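Data block below; observations after.
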Amino acid sequence: GVVQITLPFDLRVYGATYAAGSSISASTNGNIQFVASGASDEFANIALPAGSTAVPPLSATAPAIFALWDDLILTTPGGGIYTNTVGTAPNRQFVVEWRGRRIGDGATTQNINFAVIFNEGAAAAASPFRVLYVQTGIGVAANGASATVGVQQGGASNSNFTQYALNQG
């Protein structure tokens, strides 16, 4: 699934500004897509850049952050996508957090917990966002061994991307 998230302050990603009050999309499968609607809920991760090769396709023009793109289940007790804004303007942080587990890992309780944190103000000039990992699963898929981790400016035709990992812990 995909949920729309309303931005509490302006974000700047890959040179594009997303205004406070506008929406971005968070997939239950561990990524953020900078589109208000029509985001992909694809669970089968692939190499970056990903776009039309994902089914359903990712946007050909909008940035995406793949914090831990994998086949996740967020319905365990306490699971889900959570948001929170902390701090005071003009130096707030906006947190988008995933809690759950990887489908097929054999677990019955939450064992995955990670977040994308967006910075406002001076911190955003140095680093508009960062990704933090608290738990990264168990078994053969632990530590992202079956996930894509990275960022991209647009879809598969765009050469501006950084792939940190693909199916390796």
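Convention: chains lettered A, B, ... in structure tokens order; per-chain residue numbering from 1; ligands numbered from 1 as shown.
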Per residue of range 58-122 of chain A within 7 Å of range 15-29 of chain A, record the nearest atom pair and its distance in Å to one decimal, counting only C-alpha atoms, with rows in chain order and ascending residue number, as a tab-separated table.
residue	atom	partner	partner_atom	distance
A:Trp69	CA	A:Asn29	CA	5.5
A:Asp70	CA	A:Asn29	CA	5.4
A:Asp71	CA	A:Asn29	CA	5.6
A:Leu72	CA	A:Asn29	CA	5.1
A:Leu74	CA	A:Thr28	CA	7.0
Same residues, all heavy atoms, saved as a PDB file, in the first residue's frame:
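So the final result, stored in result-v9.pdb, reads:
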ATOM      1  N   TRP A  69      13.875  -0.823   0.433  1.00  0.00           N
ATOM      2  CA  TRP A  69      12.848  -1.274  -0.501  1.00  0.00           C
ATOM      3  C   TRP A  69      12.859  -2.791  -0.534  1.00  0.00           C
ATOM      4  O   TRP A  69      13.781  -3.413  -1.053  1.00  0.00           O
ATOM      5  CB  TRP A  69      13.106  -0.681  -1.868  1.00  0.00           C
ATOM      6  CG  TRP A  69      12.095  -1.023  -2.917  1.00  0.00           C
ATOM      7  CD1 TRP A  69      10.833  -1.522  -2.739  1.00  0.00           C
ATOM      8  CD2 TRP A  69      12.262  -0.879  -4.325  1.00  0.00           C
ATOM      9  NE1 TRP A  69      10.208  -1.692  -3.952  1.00  0.00           N
ATOM     10  CE2 TRP A  69      11.062  -1.297  -4.938  1.00  0.00           C
ATOM     11  CE3 TRP A  69      13.293  -0.421  -5.120  1.00  0.00           C
ATOM     12  CZ2 TRP A  69      10.894  -1.295  -6.318  1.00  0.00           C
ATOM     13  CZ3 TRP A  69      13.119  -0.402  -6.494  1.00  0.00           C
ATOM     14  CH2 TRP A  69      11.928  -0.832  -7.086  1.00  0.00           C
ATOM     15  N   ASP A  70      11.831  -3.391   0.048  1.00  0.00           N
ATOM     16  CA  ASP A  70      11.728  -4.837   0.157  1.00  0.00           C
ATOM     17  C   ASP A  70      10.255  -5.183   0.337  1.00  0.00           C
ATOM     18  O   ASP A  70       9.407  -4.302   0.449  1.00  0.00           O
ATOM     19  CB  ASP A  70      12.554  -5.319   1.354  1.00  0.00           C
ATOM     20  CG  ASP A  70      13.034  -6.764   1.201  1.00  0.00           C
ATOM     21  OD1 ASP A  70      12.511  -7.499   0.347  1.00  0.00           O
ATOM     22  OD2 ASP A  70      13.941  -7.151   1.961  1.00  0.00           O
ATOM     23  N   ASP A  71       9.945  -6.458   0.389  1.00  0.00           N
ATOM     24  CA  ASP A  71       8.579  -6.917   0.592  1.00  0.00           C
ATOM     25  C   ASP A  71       8.309  -6.935   2.090  1.00  0.00           C
ATOM     26  O   ASP A  71       8.609  -7.913   2.771  1.00  0.00           O
ATOM     27  CB  ASP A  71       8.409  -8.302  -0.025  1.00  0.00           C
ATOM     28  CG  ASP A  71       6.956  -8.719  -0.142  1.00  0.00           C
ATOM     29  OD1 ASP A  71       6.069  -7.913   0.220  1.00  0.00           O
ATOM     30  OD2 ASP A  71       6.707  -9.851  -0.595  1.00  0.00           O
ATOM     31  N   LEU A  72       7.773  -5.838   2.595  1.00  0.00           N
ATOM     32  CA  LEU A  72       7.585  -5.667   4.037  1.00  0.00           C
ATOM     33  C   LEU A  72       6.126  -5.858   4.422  1.00  0.00           C
ATOM     34  O   LEU A  72       5.214  -5.618   3.628  1.00  0.00           O
ATOM     35  CB  LEU A  72       8.041  -4.268   4.467  1.00  0.00           C
ATOM     36  CG  LEU A  72       9.470  -3.879   4.127  1.00  0.00           C
ATOM     37  CD1 LEU A  72       9.758  -2.458   4.597  1.00  0.00           C
ATOM     38  CD2 LEU A  72      10.469  -4.865   4.707  1.00  0.00           C
ATOM     39  N   LEU A  74       3.686  -4.574   7.600  1.00  0.00           N
ATOM     40  CA  LEU A  74       3.677  -3.616   8.703  1.00  0.00           C
ATOM     41  C   LEU A  74       2.508  -3.836   9.647  1.00  0.00           C
ATOM     42  O   LEU A  74       2.166  -2.960  10.431  1.00  0.00           O
ATOM     43  CB  LEU A  74       3.659  -2.190   8.152  1.00  0.00           C
ATOM     44  CG  LEU A  74       4.753  -1.844   7.142  1.00  0.00           C
ATOM     45  CD1 LEU A  74       4.648  -0.395   6.707  1.00  0.00           C
ATOM     46  CD2 LEU A  74       6.136  -2.145   7.687  1.00  0.00           C
TER      47      LEU A  74
END
For this session: Please provide as a list in words all residues within 10 Å of Ile32 in chain A, with the sequence filter that same-chain residues fewer than 5 positions apart are discarded (counting only C-alpha atoms).
Result: Val2, Val3, Gln4, Ile5, Ile24, Ser25, Ala26, Ser27, Ala39, Ser40, Pro63, Ala64, Ile65, Phe66, Ala67, Trp69, Val96, Val116 and Val151 of chain A
For this session: as a list in words, please: all residues of chain A that backbone DSSP puts in alpha helix (DSSP H).
Result: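 Filtering chain A to alpha helix (DSSP H) leaves Ala122, Ala123, Ala124, Ala125 and Ala126 of chain A.
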For this session: Using only C-alpha atoms, pick whichever of A:Trp98, A:Asn91, A:Asn84, A:Gly51 has the shortest atom-to-atom distance to Ala125 in chain A.
Result: A:Asn91
For this session: Using only C-alpha atoms, pick whichever of A:Ala122, A:Val134, A:Pro77, A:Thr85 has the shortest atom-to-atom distance to Gln110 in chain A.
Result: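 The answer is A:Pro77, which sits nearest to Gln110 in chain A.
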Exercise. Per DSSP on the backbone, what are the strand (DSSP E or B) residues of chain A, as a ChimeraX atom specification?
Worked result: /A:2-6,11-13,16-18,23-27,31-33,64-69,72-73,80-86,93-102,112-119,129-136,148-152,161-166
Exercise. Which of these residues is nearest to Gln168 in chain A, using only C-alpha atoms: A:Pro90, A:Asp41, A:Tyr14, A:Asn143?
Worked result: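 Looking only at the distances to Gln168 in chain A, the closest residue turns out to be A:Asn143.
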Exercise. With only C-alpha atoms as the basis for distance, which of A:Asn113, A:Asn45, A:Ser127, A:Thr61 is at the shortest distance from Ala165 in chain A?
Worked result: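 Closest to Ala165 in chain A of all the choices is A:Asn45.
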For this session: Check the smallest atom-to-atom distance from each of A:Ser59, A:Arg12, A:Ile103, A:Thr162 to Phe129 in chain A using only C-alpha atoms, then report the winner.
Result: A:Arg12
Problem set entry | Option closest in space to Leu7 in chain A, from A:Gly104, A:Phe118, A:Gly79, A:Ala50 [counting only C-alpha atoms] | A:Phe118
Exercise. Please, what distance in Å, to one decimal, runs between CA of Thr136 in chain A and CA of Asn111 in chain A?
Worked result: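 Separating CA of Thr136 in chain A from CA of Asn111 in chain A is a distance of 6.6 Å.
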